[in-house]
Amino acid sequence: MDKNVMDWPTFIGALLLLILIAAPLVIVPDYGEAVISAANAFVTENLGVLYLLIGMVLFVFLLYIAFSRYGRIVLGSRGVKPEFNTLTWAAMLFAAGIGSSVLYWGTIEWAYYYTGPPFGLEPGSDEALQWATTYGIFHWGPIAWAIYCLPALPIAYFYYVRKRPVLKISEACRPVLKKYSDGPVGTIVDILFMFGLLGGAGTTMALATPLIAEGVNYFTGIEPNMTLNTIVLIISTIIFAVSSYSGLRNGIRVLSNINLWLSFVLLGFIFIIGPTVFLSNTIFNSIGRLLDNFFMMSMWTEPFAGIGGFPETGFPEAWTIFYWAWWLVYAPFVGLFVARISKGRTIREMIVGTLVYGTIGCALYFGILGNYGMYLELSGQHSVVDVLNEQGAPAAIISTIAKLPASSIFVAIFVVLAIIFLSTTFDSGSYILASVTQKEIDDEPLRWNRLFWAFVLAAPSLVLMYLGGLETLQTASIVGGFPLIIIMVMLIISFTRAIKEDMPKTFGSKYFIYRDEQE
Ligand code: NM2
C-alpha cells in the first residue's frame, strides 16, 4: 500500500538536495564557512530589499482579503463546525509556528540591540534602549505573522473549499503552474519548500540545543560541549518524534496545550514577582513606538550606508532581513498546518486570528522576559551584557532566569518549556514533511514517514552546530528562504485567481459559502 501513496520523487529529491548541500560543509568545514558567508553577504546586500518588500506586500494583501467579502468565505462545506475550539486553535497555531526561539530571543534580543543599536545611535543610550524594547516585538509582530498566514490561504481554500485532497505547496500553486504542478516543476516547488524548512529548522535547533544544554549545566554542573549538545539533540528528537508519531489529535494537541499553560505560568509569575511597573511601562511604551514607526521600520534599508561616510550599522541585514527570511522558510509549513487545523473557520477568522494571537503571544514573551533582563541590567543587579560578552548567549539567558526568586523552579520550567516548544514545532514539522511526500493522505500521513522526517529535521542542526557562529546559523535561513519569495508571489496569484474564478456570477457559488449563508 505504501508504494502507491508515496510521492517518491519529492521524498528522494528533498533528501538528495539536503545531502548535496550538507556533505561538503561537513567534509571541508573551512570551505563551508567561507561559502556560507559569501552566500549570506550576496543575498542580504543585493537582494535584501526583496525580503522587506514581500513582507509589506503580504501584510497589506492579507488585510485586504480579511476585510473584503472574501473574508466571509467558510473553509468547509455547509454546516461545518470548527474542529478545534478557539483557544486550542490559537495554542496549536502558536506552538507550531513558534519554537524555543521565542524563549531564546525573547530573553536576550534586547541586549544585542542595546549594544548594537539601529539608526547609528550611541550604544547604551536612552534611544538605543527604547528601540531595544521595540524591535523584538516588531520582528515577531504583524508582518512576521502575515508571512506565516499567507500560504494558509490558498492551501486551506483548495483543501476545504475546492476539496482537493492534497496538502502540498505545488497544489496551492496550481492556478499559476497549471498542468506543471503535477510534473517536475511542481516537485521542484515542493522540494524547495522542504529544503527551506530544513534550513530554518536547522537555525532553530542549533540555537535551542546549547540553550537546553546550558540549563542542564545549571542543574548538574556538566560543562556544555559538543557531546552534551549532541545528547540533548538526540533526546529532544526522540520526544518530538514520539509526539509526531502519535498524531495531530493526541501528541500534538496535548503538547500544545501544556505549552500554553506552562507559558502562562512562567510569564505570569515573572510579571507579578518581577518589576511589574517597569515591565508594564516598557511594554506600553514600546507598543506606542512601534505603532508610530511601523512603516519606517518595515522598510528601513539603510540606503546611504557606506556612501559618503554615513554610519553603516548592518542592522537591517543582520536583523530584519534575516528574520523575514527565517519566517519565510517556516511559512509554507505553518501555512499547511494552520490550514489543516482551520476547517470550519472563515478566512477572516483565520487571518485575523493568526495576526492577532500570534503578535500578542510573541509580544508577551519579549515584553516580559526581555524587559526583565533589561531591568536587571539597568538596576545594576546583574549585567546580562557582561555574561553575553564573556560566556555567550545561552549562559546570559539562563543567568537572567536564574536571578528570579526560587530560581531552580523557574530555570526548570524554562528548560522544560524550551524542550516542549521545540517539540511542538518539530512534531508538526515532520507531520507536514510527511504529508508533502505523499500523493494521498488518508486522514493522517503514514506513521513511519512522520517518524523518518522527525529525524531528518534534526540533522541540519548538527551540521550547523558543528560549524558554529550566529552568522552561519542565520545564513541557513536566509539562503533557504530566497526561493520562498518566488513561491509566495505564486501563492498570492493563485489564491486571487481561484477566488475570482469561483466568485458567484449570479446566485450562489459552485464552491463556497459565506458565513451568513451557513445558518
Ligand atoms: N521564527 C518564528 O525557532 C523557532 O522558534 C521557530 C522561528 C520563524 C522566528 C520559528
# chains A, B, ... in the order shown; residues from 1 in each chain; ligands from 1
$ residues_around --residues "A:Gly429" --least-positions-apart "3" --cutoff "10 Å" --atoms "only C-alpha atoms" --output "ChimeraX atom specification"
/A:96-97,194,197-198,201,240,244,330,333-334,336-337,423-426,432-435,450,453-454,457
$ write_last_selection --atoms "C-alpha atoms" --output "compact mmCIF listing (two decimals), in the first residue's frame"
# COMPACT_ATOMS: atom_id res chain seq x y z
CA ALA A 96 3.57 25.03 15.82
CA GLY A 97 4.85 28.29 14.43
CA MET A 194 11.05 21.37 2.19
CA LEU A 197 12.10 24.35 6.19
CA LEU A 198 15.11 22.17 6.85
CA ALA A 201 14.73 24.17 11.42
CA PHE A 240 9.11 15.19 19.11
CA SER A 244 4.54 13.31 15.75
CA TYR A 330 8.76 28.26 8.07
CA PHE A 333 4.89 24.57 6.75
CA VAL A 334 2.95 26.72 9.19
CA LEU A 336 -0.07 23.81 5.76
CA PHE A 337 -0.51 23.28 9.44
CA SER A 423 8.87 19.55 20.10
CA THR A 424 5.62 21.24 19.17
CA THR A 425 7.33 22.90 16.21
CA PHE A 426 9.18 19.85 15.06
CA ILE A 432 3.85 18.21 7.34
CA LEU A 433 7.01 16.94 5.66
CA ALA A 434 5.43 13.51 5.69
CA SER A 435 2.24 14.91 4.16
CA ARG A 450 6.34 11.04 10.08
CA TRP A 453 11.20 13.24 8.85
CA ALA A 454 11.44 13.89 12.57
CA LEU A 457 14.74 17.58 10.68
$ residues_around --residues "A:Gly76" --least-positions-apart "4" --cutoff "12 Å" --atoms "only C-alpha atoms" --output "tab-separated table (two decimals) with N, CA and C atoms, in the first residue's frame"
chain	number	residue	atom	x	y	z
A	72	ARG	N	-15.41	36.45	4.35
A	72	ARG	CA	-16.55	35.73	4.95
A	72	ARG	C	-16.69	34.30	4.44
A	80	VAL	N	-20.54	23.01	8.50
A	80	VAL	CA	-19.32	22.54	9.17
A	80	VAL	C	-19.03	23.40	10.41
A	81	LYS	N	-18.54	22.74	11.44
A	81	LYS	CA	-18.19	23.46	12.67
A	81	LYS	C	-16.67	23.39	12.84
A	82	PRO	N	-16.07	24.42	13.46
A	82	PRO	CA	-14.62	24.34	13.68
A	82	PRO	C	-14.24	23.06	14.44
A	83	GLU	N	-13.14	22.45	13.98
A	83	GLU	CA	-12.73	21.17	14.56
A	83	GLU	C	-12.15	21.36	15.95
A	156	ALA	N	-5.69	26.24	2.47
A	156	ALA	CA	-6.97	25.93	3.11
A	156	ALA	C	-8.09	26.03	2.08
A	157	TYR	N	-7.97	27.00	1.21
A	157	TYR	CA	-9.03	27.19	0.22
A	157	TYR	C	-9.15	25.97	-0.70
A	158	PHE	N	-8.02	25.51	-1.19
A	158	PHE	CA	-8.08	24.37	-2.11
A	158	PHE	C	-8.49	23.10	-1.39
A	159	TYR	N	-8.07	22.99	-0.17
A	159	TYR	CA	-8.32	21.75	0.57
A	159	TYR	C	-9.77	21.67	1.03
A	160	TYR	N	-10.27	22.73	1.64
A	160	TYR	CA	-11.61	22.66	2.23
A	160	TYR	C	-12.71	23.18	1.32
A	161	VAL	N	-12.37	24.15	0.46
A	161	VAL	CA	-13.44	24.73	-0.35
A	161	VAL	C	-13.51	24.02	-1.70
A	162	ARG	N	-12.36	23.90	-2.36
A	162	ARG	CA	-12.38	23.18	-3.64
A	162	ARG	C	-12.27	21.67	-3.45
A	163	LYS	N	-11.98	21.28	-2.22
A	163	LYS	CA	-11.94	19.87	-1.84
A	163	LYS	C	-10.95	19.03	-2.64
A	164	ARG	N	-9.77	19.58	-2.84
A	164	ARG	CA	-8.68	18.78	-3.45
A	164	ARG	C	-7.96	18.11	-2.30
A	339	ALA	N	-3.77	25.62	7.90
A	339	ALA	CA	-4.87	25.19	7.04
A	339	ALA	C	-5.49	23.92	7.60
A	340	ARG	N	-4.63	22.99	7.98
A	340	ARG	CA	-5.11	21.70	8.45
A	340	ARG	C	-6.01	21.84	9.70
A	341	ILE	N	-5.70	22.83	10.57
A	341	ILE	CA	-6.49	22.94	11.81
A	341	ILE	C	-7.63	23.96	11.69
A	342	SER	N	-7.77	24.60	10.51
A	342	SER	CA	-8.73	25.71	10.44
A	342	SER	C	-10.06	25.36	9.79
A	343	LYS	N	-10.32	24.09	9.59
A	343	LYS	CA	-11.59	23.69	8.99
A	343	LYS	C	-12.76	24.28	9.79
A	344	GLY	N	-13.72	24.83	9.05
A	344	GLY	CA	-14.90	25.36	9.72
A	344	GLY	C	-14.79	26.82	10.11
A	345	ARG	N	-13.58	27.39	10.01
A	345	ARG	CA	-13.45	28.82	10.30
A	345	ARG	C	-13.63	29.61	9.01
A	346	THR	N	-13.85	30.92	9.14
A	346	THR	CA	-13.89	31.72	7.92
A	346	THR	C	-12.47	32.19	7.62
A	347	ILE	N	-12.30	32.66	6.39
A	347	ILE	CA	-10.98	33.19	6.01
A	347	ILE	C	-10.60	34.35	6.93
A	511	TYR	N	-18.67	26.60	-5.43
A	511	TYR	CA	-17.75	26.13	-4.40
A	511	TYR	C	-18.04	26.64	-3.00
A	512	PHE	N	-18.07	27.94	-2.86
A	512	PHE	CA	-18.02	28.39	-1.47
A	512	PHE	C	-19.31	28.97	-0.92
A	513	ILE	N	-19.37	28.95	0.40
A	513	ILE	CA	-20.49	29.56	1.07
A	513	ILE	C	-19.93	30.63	2.00
A	514	TYR	N	-20.72	31.67	2.21
A	514	TYR	CA	-20.34	32.70	3.16
A	514	TYR	C	-20.85	32.32	4.53
A	515	ARG	N	-20.22	32.89	5.54
A	515	ARG	CA	-20.62	32.57	6.91
A	515	ARG	C	-22.11	32.80	7.13
A	518	GLN	N	-24.61	30.24	6.17
A	518	GLN	CA	-24.48	28.91	6.73
A	518	GLN	C	-25.67	28.48	7.54
$ select_by_dssp --residues "stretch 322-460 of chain A" --states "strand (DSSP E or B)" --output "JSON, numbers by chain"
{"A": [346, 438, 442, 444]}
$ closest_residue --among "A:Gly32, A:Gly309, A:Gly358, A:Pro445" --to "ligand 1" --atoms "only C-alpha atoms and all ligand atoms"
A:Gly358
$ residues_near_ligand --ligand "ligand 1" --cutoff "6 Å" --atoms "only C-alpha atoms and all ligand atoms" --output "count of residues only"
10
$ atom_distance --atom1 "atom CA of A:Thr320" --atom2 "atom CA of A:Leu369"
20.5 Å
$ residues_around --residues "A:Val352" --least-positions-apart "6" --cutoff "9 Å" --atoms "only C-alpha atoms" --output "JSON, numbers by chain"
{"A": [62, 63, 66]}
$ residues_around --residues "A:Ser399" --least-positions-apart "5" --cutoff "12 Å" --atoms "only C-alpha atoms" --output "VMD selection string"
chain A and resid 107 to 108 211 214 to 215 217 to 218 372 to 373 376 to 377 381 to 388 391 to 394 404 407 to 408 410 to 411 414
$ closest_residue --among "A:Met92, A:Leu87, A:Met488, A:Ala396" --to "A:Tyr51" --atoms "only C-alpha atoms"
A:Met488
$ residues_around --residues "A:Ile287" --least-positions-apart "6" --cutoff "10 Å" --atoms "only C-alpha atoms" --output "MDAnalysis selection string"
chainID A and resid 133:134 137:138 293:294 363 367
$ decode --residues "stretch 32-128 of chain A" --atoms "C-alpha atoms" --output "PDB file, in the first residue's frame"
ATOM      1  CA  GLY A  32      31.901  25.539   4.068  1.00  0.00           C
ATOM      2  CA  GLU A  33      32.129  28.608   6.281  1.00  0.00           C
ATOM      3  CA  ALA A  34      33.605  30.706   3.501  1.00  0.00           C
ATOM      4  CA  VAL A  35      30.873  29.698   1.072  1.00  0.00           C
ATOM      5  CA  ILE A  36      28.204  30.334   3.659  1.00  0.00           C
ATOM      6  CA  SER A  37      29.361  33.842   4.481  1.00  0.00           C
ATOM      7  CA  ALA A  38      29.748  34.700   0.786  1.00  0.00           C
ATOM      8  CA  ALA A  39      26.204  33.479   0.114  1.00  0.00           C
ATOM      9  CA  ASN A  40      24.944  35.440   3.090  1.00  0.00           C
ATOM     10  CA  ALA A  41      26.646  38.660   2.003  1.00  0.00           C
ATOM     11  CA  PHE A  42      25.455  38.292  -1.563  1.00  0.00           C
ATOM     12  CA  VAL A  43      21.830  37.671  -0.700  1.00  0.00           C
ATOM     13  CA  THR A  44      21.427  40.220   2.088  1.00  0.00           C
ATOM     14  CA  GLU A  45      23.377  43.034   0.437  1.00  0.00           C
ATOM     15  CA  ASN A  46      21.949  42.745  -3.031  1.00  0.00           C
ATOM     16  CA  LEU A  47      18.538  41.230  -2.570  1.00  0.00           C
ATOM     17  CA  GLY A  48      17.665  42.280   0.964  1.00  0.00           C
ATOM     18  CA  VAL A  49      15.096  44.795  -0.148  1.00  0.00           C
ATOM     19  CA  LEU A  50      13.060  41.996  -1.744  1.00  0.00           C
ATOM     20  CA  TYR A  51      12.557  40.374   1.641  1.00  0.00           C
ATOM     21  CA  LEU A  52      11.316  43.656   3.092  1.00  0.00           C
ATOM     22  CA  LEU A  53       9.098  44.236   0.088  1.00  0.00           C
ATOM     23  CA  ILE A  54       7.458  40.827   0.200  1.00  0.00           C
ATOM     24  CA  GLY A  55       6.753  41.286   3.920  1.00  0.00           C
ATOM     25  CA  MET A  56       4.922  44.536   3.281  1.00  0.00           C
ATOM     26  CA  VAL A  57       3.015  43.184   0.273  1.00  0.00           C
ATOM     27  CA  LEU A  58       1.785  40.136   2.170  1.00  0.00           C
ATOM     28  CA  PHE A  59       0.679  42.178   5.127  1.00  0.00           C
ATOM     29  CA  VAL A  60      -1.385  44.585   3.043  1.00  0.00           C
ATOM     30  CA  PHE A  61      -2.805  41.783   0.883  1.00  0.00           C
ATOM     31  CA  LEU A  62      -3.973  39.779   3.896  1.00  0.00           C
ATOM     32  CA  LEU A  63      -5.676  42.749   5.496  1.00  0.00           C
ATOM     33  CA  TYR A  64      -7.439  43.444   2.232  1.00  0.00           C
ATOM     34  CA  ILE A  65      -8.660  39.830   1.897  1.00  0.00           C
ATOM     35  CA  ALA A  66      -9.724  39.602   5.530  1.00  0.00           C
ATOM     36  CA  PHE A  67     -11.919  42.658   5.361  1.00  0.00           C
ATOM     37  CA  SER A  68     -13.247  42.178   1.840  1.00  0.00           C
ATOM     38  CA  ARG A  69     -16.240  39.940   1.188  1.00  0.00           C
ATOM     39  CA  TYR A  70     -13.810  37.055   0.626  1.00  0.00           C
ATOM     40  CA  GLY A  71     -13.111  37.174   4.311  1.00  0.00           C
ATOM     41  CA  ARG A  72     -16.547  35.726   4.952  1.00  0.00           C
ATOM     42  CA  ILE A  73     -15.916  32.551   2.972  1.00  0.00           C
ATOM     43  CA  VAL A  74     -16.208  29.473   5.181  1.00  0.00           C
ATOM     44  CA  LEU A  75     -13.422  26.900   4.963  1.00  0.00           C
ATOM     45  CA  GLY A  76     -15.563  23.830   4.514  1.00  0.00           C
ATOM     46  CA  SER A  77     -18.982  22.668   3.458  1.00  0.00           C
ATOM     47  CA  ARG A  78     -22.308  23.929   4.660  1.00  0.00           C
ATOM     48  CA  GLY A  79     -22.957  23.255   8.323  1.00  0.00           C
ATOM     49  CA  VAL A  80     -19.317  22.542   9.169  1.00  0.00           C
ATOM     50  CA  LYS A  81     -18.185  23.463  12.672  1.00  0.00           C
ATOM     51  CA  PRO A  82     -14.617  24.341  13.685  1.00  0.00           C
ATOM     52  CA  GLU A  83     -12.734  21.171  14.562  1.00  0.00           C
ATOM     53  CA  PHE A  84     -10.859  22.765  17.471  1.00  0.00           C
ATOM     54  CA  ASN A  85     -12.092  25.447  19.853  1.00  0.00           C
ATOM     55  CA  THR A  86     -10.528  28.876  19.517  1.00  0.00           C
ATOM     56  CA  LEU A  87      -8.159  28.625  22.472  1.00  0.00           C
ATOM     57  CA  THR A  88      -6.838  25.235  21.344  1.00  0.00           C
ATOM     58  CA  TRP A  89      -6.612  26.550  17.805  1.00  0.00           C
ATOM     59  CA  ALA A  90      -4.571  29.545  18.953  1.00  0.00           C
ATOM     60  CA  ALA A  91      -2.396  27.331  21.158  1.00  0.00           C
ATOM     61  CA  MET A  92      -1.703  24.923  18.310  1.00  0.00           C
ATOM     62  CA  LEU A  93      -1.009  27.734  15.891  1.00  0.00           C
ATOM     63  CA  PHE A  94       1.385  29.402  18.283  1.00  0.00           C
ATOM     64  CA  ALA A  95       3.066  26.217  19.394  1.00  0.00           C
ATOM     65  CA  ALA A  96       3.571  25.029  15.824  1.00  0.00           C
ATOM     66  CA  GLY A  97       4.852  28.294  14.433  1.00  0.00           C
ATOM     67  CA  ILE A  98       6.963  29.309  17.381  1.00  0.00           C
ATOM     68  CA  GLY A  99       9.721  27.123  18.638  1.00  0.00           C
ATOM     69  CA  SER A 100      12.042  27.580  21.518  1.00  0.00           C
ATOM     70  CA  SER A 101      13.496  30.596  19.734  1.00  0.00           C
ATOM     71  CA  VAL A 102      10.937  32.844  21.392  1.00  0.00           C
ATOM     72  CA  LEU A 103      12.463  31.931  24.753  1.00  0.00           C
ATOM     73  CA  TYR A 104      15.939  32.446  23.396  1.00  0.00           C
ATOM     74  CA  TRP A 105      15.490  35.731  21.574  1.00  0.00           C
ATOM     75  CA  GLY A 106      12.710  36.933  23.837  1.00  0.00           C
ATOM     76  CA  THR A 107      15.151  36.944  26.735  1.00  0.00           C
ATOM     77  CA  ILE A 108      18.291  38.172  25.015  1.00  0.00           C
ATOM     78  CA  GLU A 109      17.465  40.069  21.831  1.00  0.00           C
ATOM     79  CA  TRP A 110      17.275  43.434  23.607  1.00  0.00           C
ATOM     80  CA  ALA A 111      20.906  43.086  24.680  1.00  0.00           C
ATOM     81  CA  TYR A 112      22.050  42.867  21.069  1.00  0.00           C
ATOM     82  CA  TYR A 113      20.043  45.945  20.126  1.00  0.00           C
ATOM     83  CA  TYR A 114      21.187  47.802  23.209  1.00  0.00           C
ATOM     84  CA  THR A 115      24.844  47.217  22.386  1.00  0.00           C
ATOM     85  CA  GLY A 116      24.434  47.422  18.597  1.00  0.00           C
ATOM     86  CA  PRO A 117      21.508  49.787  18.049  1.00  0.00           C
ATOM     87  CA  PRO A 118      19.871  50.719  14.738  1.00  0.00           C
ATOM     88  CA  PHE A 119      19.972  54.136  13.030  1.00  0.00           C
ATOM     89  CA  GLY A 120      23.575  54.838  14.036  1.00  0.00           C
ATOM     90  CA  LEU A 121      22.586  55.550  17.645  1.00  0.00           C
ATOM     91  CA  GLU A 122      25.001  55.562  20.524  1.00  0.00           C
ATOM     92  CA  PRO A 123      25.203  52.038  22.058  1.00  0.00           C
ATOM     93  CA  GLY A 124      23.724  52.044  25.543  1.00  0.00           C
ATOM     94  CA  SER A 125      21.961  55.394  25.086  1.00  0.00           C
ATOM     95  CA  ASP A 126      18.381  56.126  26.083  1.00  0.00           C
ATOM     96  CA  GLU A 127      17.287  55.959  22.444  1.00  0.00           C
ATOM     97  CA  ALA A 128      19.077  52.641  21.989  1.00  0.00           C
TER      98      ALA A 128
END
